[in-house]
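Source file: final-v3.cif; contents: mmCIF, C-alpha atoms.
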data_work
loop_
_atom_site.label_atom_id
_atom_site.label_comp_id
_atom_site.auth_asym_id
_atom_site.auth_seq_id
_atom_site.Cartn_x
_atom_site.Cartn_y
_atom_site.Cartn_z
CA MET A 1 119.58 135.80 -73.13
CA VAL A 2 116.67 135.79 -70.71
CA HIS A 3 116.91 138.73 -68.35
CA MET A 4 116.13 137.48 -64.84
CA LYS A 5 115.31 139.38 -61.70
CA GLU A 6 117.79 139.02 -58.87
CA GLU A 7 115.38 136.83 -56.88
CA GLU A 8 115.08 134.51 -59.88
CA LYS A 9 118.84 134.23 -60.17
CA GLY A 10 119.33 133.17 -56.58
CA SER A 11 123.01 133.79 -55.87
CA GLY A 12 123.55 134.58 -59.52
CA GLU A 13 125.07 133.04 -62.58
CA LYS A 14 128.77 132.17 -62.29
CA ASP A 15 131.08 129.64 -63.92
CA GLY A 16 128.16 128.01 -65.74
CA CYS A 17 126.19 127.39 -62.53
CA MET A 18 123.21 128.99 -60.83
CA GLU A 19 121.65 128.56 -57.40
CA ILE A 20 118.01 127.86 -58.13
CA ARG A 21 115.20 125.67 -56.84
CA CYS A 22 114.10 122.71 -58.93
CA ARG A 23 110.41 122.87 -59.87
CA ILE A 24 110.21 119.06 -59.80
CA CYS A 25 111.89 117.82 -56.61
CA GLY A 26 112.07 121.16 -54.78
CA GLU A 27 115.80 120.98 -53.99
CA LYS A 28 117.77 124.22 -54.18
CA LYS A 29 121.45 124.16 -54.97
CA ARG A 30 123.99 125.40 -57.48
CA ASN A 31 123.08 123.69 -60.72
CA LYS A 32 124.76 123.61 -64.10
CA ILE A 33 123.17 125.94 -66.66
CA VAL A 34 122.77 125.55 -70.41
CA THR A 35 121.94 128.38 -72.82
CA ALA A 36 119.90 127.15 -75.77
CA LYS A 37 118.70 128.95 -78.90
CA GLU A 38 115.29 128.81 -80.53
CA MET A 39 116.01 126.73 -83.64
CA MET A 40 112.64 125.36 -84.70
CA TYR A 41 112.02 128.53 -86.71
CA GLY A 42 115.54 129.92 -86.39
CA THR A 43 114.88 133.12 -84.43
CA ARG A 44 117.98 132.22 -82.33
CA GLU A 45 116.50 133.85 -79.26
CA GLU A 46 118.37 132.52 -76.22
CA PHE A 47 116.87 130.77 -73.20
CA VAL A 48 118.59 129.57 -70.04
CA TYR A 49 118.00 126.04 -68.75
CA PHE A 50 119.43 124.35 -65.67
CA ILE A 51 120.11 120.71 -64.79
CA CYS A 52 118.92 119.72 -61.32
CA GLY A 53 121.75 117.99 -59.47
CA CYS A 54 119.23 115.95 -57.45
CA CYS A 55 116.52 114.61 -59.78
CA GLY A 56 118.43 115.18 -63.04
CA CYS A 57 115.64 117.06 -64.81
CA MET A 58 116.72 119.79 -67.23
CA GLN A 59 114.26 122.68 -67.14
CA ILE A 60 113.89 126.21 -68.39
CA VAL A 61 114.78 128.86 -65.78
CA LYS A 62 111.96 131.24 -66.68
CA VAL A 63 108.90 130.29 -68.69
CA PRO A 64 108.18 133.05 -71.25
CA ASP A 65 105.23 135.24 -70.31
CA ASN A 66 103.55 134.61 -73.67
CA LEU A 67 104.52 131.04 -74.44
CA GLY A 68 101.75 130.75 -77.04
CA LYS A 69 103.61 133.03 -79.46
CA TYR A 70 106.24 130.31 -79.91
CA TYR A 71 103.66 127.96 -81.41
CA SER A 72 102.65 128.68 -84.98
CA GLY A 73 99.94 126.80 -86.84
CA ASP A 74 102.47 124.40 -88.33
CA TYR A 75 104.28 123.48 -85.10
CA TYR A 76 102.00 120.50 -84.87
CA SER A 77 98.54 119.65 -86.13
CA LEU A 78 96.52 122.81 -85.57
CA GLN A 79 94.63 122.80 -88.86
CA GLN A 80 91.13 121.44 -88.34
CA ARG A 81 89.94 118.71 -90.70
CA LYS A 82 86.54 118.72 -92.40
CA GLU A 83 83.52 117.23 -90.64
CA LYS A 84 83.73 113.44 -90.34
CA ASP A 85 81.04 110.78 -90.45
CA TYR A 86 81.87 107.39 -88.96
CA SER A 87 78.36 105.91 -88.96
CA HIS A 88 79.33 103.42 -91.69
CA LEU A 89 82.22 101.98 -89.65
CA PRO A 90 81.60 99.27 -87.04
CA LYS A 91 83.15 99.98 -83.65
CA ILE A 92 85.91 97.56 -82.67
CA SER A 93 86.33 98.86 -79.12
CA GLU A 94 84.45 100.77 -76.43
CA GLU A 95 87.70 101.72 -74.70
CA ARG A 96 87.73 105.38 -73.68
CA ILE A 97 90.93 107.06 -74.89
CA LEU A 98 92.17 110.56 -74.05
CA ASP A 99 94.99 112.16 -76.06
CA VAL A 100 96.46 115.12 -74.14
CA GLY A 101 98.01 117.83 -76.32
CA CYS A 102 96.42 116.36 -79.44
CA GLY A 103 96.30 119.46 -81.64
CA THR A 104 93.27 119.11 -83.88
CA GLY A 105 93.25 115.34 -83.47
CA GLU A 106 95.32 113.74 -86.22
CA TYR A 107 96.02 110.59 -84.16
CA LEU A 108 92.44 110.38 -82.89
CA LEU A 109 91.10 110.58 -86.44
CA GLU A 110 93.37 107.72 -87.45
CA MET A 111 92.03 105.68 -84.54
CA ALA A 112 88.45 106.49 -85.53
CA GLU A 113 89.11 105.34 -89.09
CA LYS A 114 90.31 102.01 -87.66
CA GLY A 115 87.00 101.57 -85.87
CA TYR A 116 87.66 102.92 -82.39
CA GLY A 117 84.97 104.96 -80.65
CA ASN A 118 84.95 107.04 -77.46
CA LEU A 119 87.94 109.10 -78.53
CA TYR A 120 88.72 112.31 -76.67
CA GLY A 121 91.43 114.95 -76.75
CA CYS A 122 92.40 118.26 -75.21
CA ASP A 123 94.78 121.00 -76.26
CA PRO A 124 95.14 124.59 -75.00
CA TYR A 125 96.34 125.95 -78.35
CA ILE A 126 93.43 125.04 -80.64
CA GLU A 127 91.00 127.84 -81.41
CA GLU A 128 87.85 126.15 -80.08
CA ASP A 129 86.30 122.81 -79.11
CA ILE A 130 86.10 120.32 -81.98
CA GLN A 131 83.64 117.49 -82.68
CA TYR A 132 84.25 114.93 -85.43
CA GLY A 133 81.09 112.92 -85.96
CA ASP A 134 80.04 110.77 -83.00
CA ARG A 135 83.49 109.41 -82.16
CA VAL A 136 86.02 112.20 -81.64
CA THR A 137 85.56 115.02 -79.14
CA ILE A 138 88.35 117.54 -78.54
CA LYS A 139 88.25 120.23 -75.87
CA LYS A 140 90.23 123.45 -75.90
CA GLY A 141 92.08 123.35 -72.58
CA GLU A 142 94.18 121.23 -70.25
CA ILE A 143 93.52 117.74 -68.90
CA GLY A 144 92.04 119.27 -65.74
CA GLN A 145 89.20 120.65 -67.85
CA THR A 146 88.20 117.21 -69.19
CA GLU A 147 85.51 115.04 -67.63
CA GLY A 148 85.00 111.37 -66.89
CA LYS A 149 87.30 108.37 -66.60
CA TYR A 150 89.52 106.86 -69.28
CA ASP A 151 91.01 103.47 -70.01
CA ARG A 152 93.98 104.93 -71.81
CA ILE A 153 95.55 108.39 -71.45
CA LEU A 154 98.22 109.44 -73.93
CA PHE A 155 100.83 112.20 -73.89
CA GLN A 156 102.45 111.97 -77.30
CA ASP A 157 105.37 114.40 -77.09
CA SER A 158 103.25 116.86 -75.16
CA PHE A 159 104.20 116.32 -71.49
CA GLU A 160 107.48 118.22 -71.92
CA HIS A 161 105.45 121.30 -72.92
CA ILE A 162 103.37 121.33 -69.74
CA GLU A 163 104.21 124.01 -67.17
CA LYS A 164 102.76 122.12 -64.19
CA PRO A 165 103.69 118.43 -64.59
CA LEU A 166 102.87 117.45 -60.99
CA GLU A 167 99.35 118.87 -61.17
CA THR A 168 98.93 117.25 -64.58
CA LEU A 169 99.84 113.78 -63.28
CA ALA A 170 97.49 114.33 -60.34
CA CYS A 171 94.75 114.80 -62.94
CA VAL A 172 95.87 111.59 -64.64
CA LYS A 173 95.47 109.80 -61.30
CA GLU A 174 91.90 111.10 -61.00
CA ARG A 175 90.86 110.34 -64.58
CA LEU A 176 92.55 106.99 -65.15
CA ASN A 177 90.33 103.95 -64.63
CA GLU A 178 91.46 101.46 -61.99
CA ASN A 179 93.00 99.15 -64.58
CA GLY A 180 93.80 101.93 -67.04
CA VAL A 181 97.20 102.78 -68.52
CA CYS A 182 98.85 106.13 -69.21
CA TYR A 183 101.58 106.31 -71.86
CA ILE A 184 103.90 109.33 -71.79
CA SER A 185 106.17 109.66 -74.81
CA ILE A 186 108.85 112.32 -74.26
CA PRO A 187 112.43 113.38 -74.96
CA VAL A 188 114.56 112.37 -71.97
CA PHE A 189 117.74 113.58 -70.30
CA PRO A 190 120.60 112.71 -69.93
CA ASN A 191 121.29 111.07 -73.27
CA VAL A 192 123.92 110.35 -75.89
CA ALA A 193 122.84 113.23 -78.16
CA PHE A 194 123.24 115.89 -75.48
CA ASP A 195 126.62 114.42 -74.59
CA ALA A 196 127.68 114.93 -78.20
CA PHE A 197 125.96 118.21 -79.09
CA GLY A 198 125.24 120.00 -75.82
CA ALA A 199 122.89 122.97 -76.23
CA ASN A 200 122.53 122.11 -79.94
CA TRP A 201 120.64 118.93 -79.05
CA TYR A 202 117.53 119.48 -81.15
CA GLN A 203 115.10 117.95 -78.65
CA LEU A 204 115.82 120.81 -76.27
CA ASP A 205 113.49 122.81 -78.52
CA ALA A 206 113.79 126.03 -76.52
CA PRO A 207 111.56 127.52 -75.21
CA ARG A 208 108.68 125.13 -75.96
CA HIS A 209 110.14 122.17 -74.07
CA LEU A 210 109.90 123.38 -70.48
CA PHE A 211 111.11 120.14 -68.89
CA LEU A 212 113.50 117.48 -70.22
CA HIS A 213 112.75 114.75 -67.72
CA SER A 214 115.07 112.10 -66.38
CA GLU A 215 113.91 108.66 -65.25
CA LYS A 216 114.41 109.87 -61.68
CA SER A 217 112.29 113.01 -62.10
CA MET A 218 109.48 110.98 -63.68
CA GLU A 219 109.63 108.47 -60.82
CA TYR A 220 109.45 111.33 -58.31
CA LEU A 221 106.36 112.84 -59.97
CA CYS A 222 104.57 109.51 -60.27
CA GLU A 223 105.23 108.51 -56.65
CA LYS A 224 104.01 111.91 -55.50
CA CYS A 225 100.71 111.31 -57.31
CA GLY A 226 100.12 107.68 -56.34
CA LEU A 227 101.16 106.33 -59.72
CA LYS A 228 103.95 103.98 -60.74
CA ILE A 229 106.13 103.46 -63.80
CA GLU A 230 105.66 99.89 -64.99
CA GLU A 231 107.95 100.06 -67.99
CA ILE A 232 110.28 102.42 -69.85
CA LYS A 233 110.97 101.80 -73.52
CA TYR A 234 113.67 103.86 -75.24
CA ASP A 235 112.78 104.55 -78.87
CA SER A 236 115.14 107.31 -80.05
CA ASN A 237 116.29 107.39 -83.66
CA MET A 238 119.23 108.68 -85.65
CA MET A 239 117.66 112.13 -86.07
CA GLN A 240 118.93 112.95 -82.58
CA PHE A 241 122.37 113.16 -84.23
CA VAL A 242 121.46 114.39 -87.71
CA ILE A 243 119.26 117.36 -86.81
CA SER A 244 121.51 118.36 -83.92
CA TYR A 245 124.43 118.44 -86.36
CA PHE A 246 122.52 120.81 -88.63
CA TYR A 247 121.78 123.03 -85.64
CA ILE A 248 125.54 123.38 -85.18
CA LEU A 249 125.69 124.50 -88.83
CA GLY A 250 123.00 127.08 -88.04
CA MET A 251 120.22 125.41 -90.05
CA PRO A 252 116.80 125.69 -88.33
CA TYR A 253 114.51 122.68 -88.12
CA HIS A 254 112.03 123.92 -90.71
CA THR A 255 114.82 124.67 -93.19
CA PHE A 256 116.19 121.18 -92.62
CA ILE A 257 112.77 119.62 -93.29
CA GLU A 258 112.19 121.74 -96.40
CA ASP A 259 115.69 121.72 -97.90
CA GLY A 260 118.17 119.77 -95.79
CA ILE A 261 116.69 116.30 -96.19
CA SER A 262 116.90 116.44 -99.98
CA GLU A 263 120.55 117.53 -99.71
CA ILE A 264 121.51 115.04 -97.01
CA GLY A 265 123.89 113.21 -99.33
CA LYS A 266 126.09 116.29 -99.49
CA TYR A 267 126.74 116.09 -95.78
CA PHE A 268 126.85 112.38 -94.92
CA SER A 269 128.02 109.25 -96.67
CA LYS A 270 125.95 106.08 -96.56
CA GLU A 271 128.44 104.66 -94.07
CA GLU A 272 127.97 107.67 -91.77
CA TRP A 273 124.19 107.44 -92.14
CA ASP A 274 124.29 103.77 -91.18
CA SER A 275 126.54 104.56 -88.22
CA PHE A 276 123.97 107.06 -86.90
CA LYS A 277 121.27 104.41 -87.08
CA LYS A 278 123.47 101.89 -85.28
CA ALA A 279 124.42 104.42 -82.60
CA ALA A 280 120.75 105.15 -81.92
CA GLU A 281 119.95 101.45 -81.60
CA GLU A 282 122.87 100.95 -79.20
CA ALA A 283 121.81 103.98 -77.14
CA ASN A 284 118.30 102.58 -76.80
CA GLU A 285 119.65 99.21 -75.68
CA LYS A 286 121.66 101.00 -72.99
CA MET A 287 118.62 103.14 -72.07
CA TYR A 288 120.57 106.23 -73.04
CA GLY A 289 118.78 107.45 -76.17
CA ASP A 290 117.10 110.85 -76.23
CA HIS A 291 113.49 109.63 -76.34
CA ALA A 292 111.42 107.14 -74.36
CA VAL A 293 107.89 105.96 -73.60
CA PHE A 294 106.81 105.60 -69.96
CA LYS A 295 104.02 103.13 -69.18
CA ILE A 296 102.26 104.39 -66.05
CA THR A 297 99.52 102.81 -63.93
CA HIS A 298 97.93 103.14 -60.53
CA VAL A 299 100.01 101.89 -57.61
#

Would you write the structure of this file as structure tokens?
Amino acid sequence: MVHMKEEEKGSGEKDGCMEIRCRICGEKKRNKIVTAKEMMYGTREEFVYFICGCCGCMQIVKVPDNLGKYYSGDYYSLQQRKEKDYSHLPKISEERILDVGCGTGEYLLEMAEKGYGNLYGCDPYIEEDIQYGDRVTIKKGEIGQTEGKYDRILFQDSFEHIEKPLETLACVKERLNENGVCYISIPVFPNVAFDAFGANWYQLDAPRHLFLHSEKSMEYLCEKCGLKIEEIKYDSNMMQFVISYFYILGMPYHTFIEDGISEIGKYFSKEEWDSFKKAAEEANEKMYGDHAVFKITHV
């Protein structure tokens, strides 16, 4: 359990509630709390989250002082590729693309191989700036440390890791071309998986996911920054049920990936597997899956 100072607790923790100020909408009230365990690597360290009763965003109560220690080299792509040469490939687009939280650029390299140029990325957890040929430039740091304007800005499951989402979207506003588009792909709350599994919902990913945004909290942030949400597409899949189930069994994510997938038939019948897939599709249709893509533009 996170040990909080009295001023951080507000009026204290009681009956599963805590008086605390939301870091998104600023409202302070007694909010429901959820205690989640670190299950990516299975340390089972506990972290307290709360659900804002106003904007609906679930967020960690106290961000760990050394958040970087919860990211190992295999959390996402942090292994740098060899030097690349794209001089033999014709460019199919001059569109400037920025991938925020890109690791060492796996997606950007795929785009370069397809013929795209002017590809940029930023990530605070890489060791140093990276340059792949004349097409891919990645900076160690946050979006605020990038330069220029972009036609497309991407947050591919990275926005939930960002400690200052309002300031980050303000940077998006500054760096997005007039007719540009920002796509934010994130786990969302509330959803059918949390309803079923509670704190064992695997997309909670404590403590790395600092904010599990609702549609309302995303709308609030965008309006505050002079941006608007043009479209929301829910794209969750059946893993929201499968991996969460294994968390209940005490199996960490990495163990599931290494051993659990090959043994999946021992736990679920084909009929159950098909039912998970159908449930995910139905949840998306109802806009109640656990993952969505927000298409954001200037007002």

| message | Here is a test: counting only C-alpha atoms, which residue of A:Thr104, A:Ser217, A:Asn191, A:Ser244 is nearest to Glu27 of chain A? | response | A:Ser217

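Atom to atom, atom CA of Lys233 of chain A and atom CA of Ile261 of chain A stand 27.5 Å apart.
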
Name the residues captured by the PyMOL selection byres ((chain A and resi 169-185) around 8) when it is applied to the shown file; answer as a PDB file with C-alpha atoms, in the frame of the given file.
ATOM      1  CA  ILE A 143      93.520 117.740 -68.900  1.00  0.00           C
ATOM      2  CA  GLY A 144      92.040 119.270 -65.740  1.00  0.00           C
ATOM      3  CA  GLU A 147      85.510 115.040 -67.630  1.00  0.00           C
ATOM      4  CA  GLY A 148      85.000 111.370 -66.890  1.00  0.00           C
ATOM      5  CA  LYS A 149      87.300 108.370 -66.600  1.00  0.00           C
ATOM      6  CA  TYR A 150      89.520 106.860 -69.280  1.00  0.00           C
ATOM      7  CA  ASP A 151      91.010 103.470 -70.010  1.00  0.00           C
ATOM      8  CA  ARG A 152      93.980 104.930 -71.810  1.00  0.00           C
ATOM      9  CA  ILE A 153      95.550 108.390 -71.450  1.00  0.00           C
ATOM     10  CA  LEU A 154      98.220 109.440 -73.930  1.00  0.00           C
ATOM     11  CA  PHE A 155     100.830 112.200 -73.890  1.00  0.00           C
ATOM     12  CA  GLN A 156     102.450 111.970 -77.300  1.00  0.00           C
ATOM     13  CA  ASP A 157     105.370 114.400 -77.090  1.00  0.00           C
ATOM     14  CA  SER A 158     103.250 116.860 -75.160  1.00  0.00           C
ATOM     15  CA  PHE A 159     104.200 116.320 -71.490  1.00  0.00           C
ATOM     16  CA  PRO A 165     103.690 118.430 -64.590  1.00  0.00           C
ATOM     17  CA  LEU A 166     102.870 117.450 -60.990  1.00  0.00           C
ATOM     18  CA  GLU A 167      99.350 118.870 -61.170  1.00  0.00           C
ATOM     19  CA  THR A 168      98.930 117.250 -64.580  1.00  0.00           C
ATOM     20  CA  ILE A 186     108.850 112.320 -74.260  1.00  0.00           C
ATOM     21  CA  PRO A 187     112.430 113.380 -74.960  1.00  0.00           C
ATOM     22  CA  LEU A 221     106.360 112.840 -59.970  1.00  0.00           C
ATOM     23  CA  CYS A 222     104.570 109.510 -60.270  1.00  0.00           C
ATOM     24  CA  CYS A 225     100.710 111.310 -57.310  1.00  0.00           C
ATOM     25  CA  GLY A 226     100.120 107.680 -56.340  1.00  0.00           C
ATOM     26  CA  LEU A 227     101.160 106.330 -59.720  1.00  0.00           C
ATOM     27  CA  HIS A 291     113.490 109.630 -76.340  1.00  0.00           C
ATOM     28  CA  ALA A 292     111.420 107.140 -74.360  1.00  0.00           C
ATOM     29  CA  VAL A 293     107.890 105.960 -73.600  1.00  0.00           C
ATOM     30  CA  PHE A 294     106.810 105.600 -69.960  1.00  0.00           C
ATOM     31  CA  LYS A 295     104.020 103.130 -69.180  1.00  0.00           C
ATOM     32  CA  ILE A 296     102.260 104.390 -66.050  1.00  0.00           C
ATOM     33  CA  THR A 297      99.520 102.810 -63.930  1.00  0.00           C
ATOM     34  CA  HIS A 298      97.930 103.140 -60.530  1.00  0.00           C
TER      35      HIS A 298
END

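Across the structure, atom CA of Cys102 of chain A and atom CA of Val192 of chain A are spaced 28.4 Å apart.
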
| request: Return as a ChimeraX atom specification the set of residues that the PyMOL selection byres ((chain A and resi 53) around 12) yields on the displayed structure. | output: /A:17-22,24-33,50-52,54-59,190,214,216-217

| task | Fewer than 4 positions away in the same chain doesn't count, so skip those; otherwise give me all residues within 9 Å of Phe276 of chain A, counting only C-alpha atoms, as a PyMOL selection string. | result | chain A and resi 237-242+271-272+280-281

Please fill the gaps in segment 112-126 of chain A so it has N, CA, C and O atoms, and write that as a short mmCIF file (atom, residue, chain, number, x, y, z; two decimals), keeping the file's coordinate frame.
data_model
loop_
_atom_site.label_atom_id
_atom_site.label_comp_id
_atom_site.auth_asym_id
_atom_site.auth_seq_id
_atom_site.Cartn_x
_atom_site.Cartn_y
_atom_site.Cartn_z
N ALA A 112 89.86 106.58 -85.16
CA ALA A 112 88.45 106.49 -85.53
C ALA A 112 88.27 105.75 -86.85
O ALA A 112 87.35 104.94 -87.01
N GLU A 113 89.17 106.02 -87.79
CA GLU A 113 89.11 105.34 -89.09
C GLU A 113 89.34 103.83 -88.95
O GLU A 113 88.86 103.03 -89.76
N LYS A 114 90.06 103.44 -87.90
CA LYS A 114 90.31 102.01 -87.66
C LYS A 114 89.14 101.34 -86.95
O LYS A 114 89.14 100.11 -86.80
N GLY A 115 88.17 102.14 -86.50
CA GLY A 115 87.00 101.57 -85.87
C GLY A 115 86.86 101.84 -84.40
O GLY A 115 85.90 101.37 -83.77
N TYR A 116 87.78 102.59 -83.80
CA TYR A 116 87.66 102.92 -82.39
C TYR A 116 86.60 103.99 -82.18
O TYR A 116 86.39 104.87 -83.03
N GLY A 117 85.92 103.92 -81.03
CA GLY A 117 84.97 104.96 -80.65
C GLY A 117 85.41 105.53 -79.31
O GLY A 117 86.44 105.14 -78.75
N ASN A 118 84.64 106.45 -78.77
CA ASN A 118 84.95 107.04 -77.46
C ASN A 118 86.35 107.64 -77.43
O ASN A 118 87.15 107.36 -76.54
N LEU A 119 86.63 108.47 -78.41
CA LEU A 119 87.94 109.10 -78.53
C LEU A 119 87.85 110.57 -78.11
O LEU A 119 86.99 111.31 -78.60
N TYR A 120 88.76 110.96 -77.22
CA TYR A 120 88.72 112.31 -76.67
C TYR A 120 90.12 112.93 -76.72
O TYR A 120 91.13 112.23 -76.71
N GLY A 121 90.15 114.25 -76.76
CA GLY A 121 91.43 114.95 -76.75
C GLY A 121 91.28 116.30 -76.08
O GLY A 121 90.16 116.80 -75.87
N CYS A 122 92.41 116.90 -75.73
CA CYS A 122 92.40 118.26 -75.21
C CYS A 122 93.70 118.94 -75.61
O CYS A 122 94.75 118.30 -75.73
N ASP A 123 93.61 120.22 -75.86
CA ASP A 123 94.78 121.00 -76.26
C ASP A 123 94.50 122.48 -76.01
O ASP A 123 93.47 122.99 -76.46
N PRO A 124 95.39 123.18 -75.30
CA PRO A 124 95.14 124.59 -75.00
C PRO A 124 95.34 125.54 -76.18
O PRO A 124 94.93 126.69 -76.11
N TYR A 125 95.98 125.05 -77.26
CA TYR A 125 96.34 125.95 -78.35
C TYR A 125 95.41 125.90 -79.56
O TYR A 125 95.59 126.65 -80.51
N ILE A 126 94.40 125.01 -79.55
CA ILE A 126 93.43 125.04 -80.64
C ILE A 126 92.49 126.22 -80.43
O ILE A 126 92.38 126.76 -79.33
#
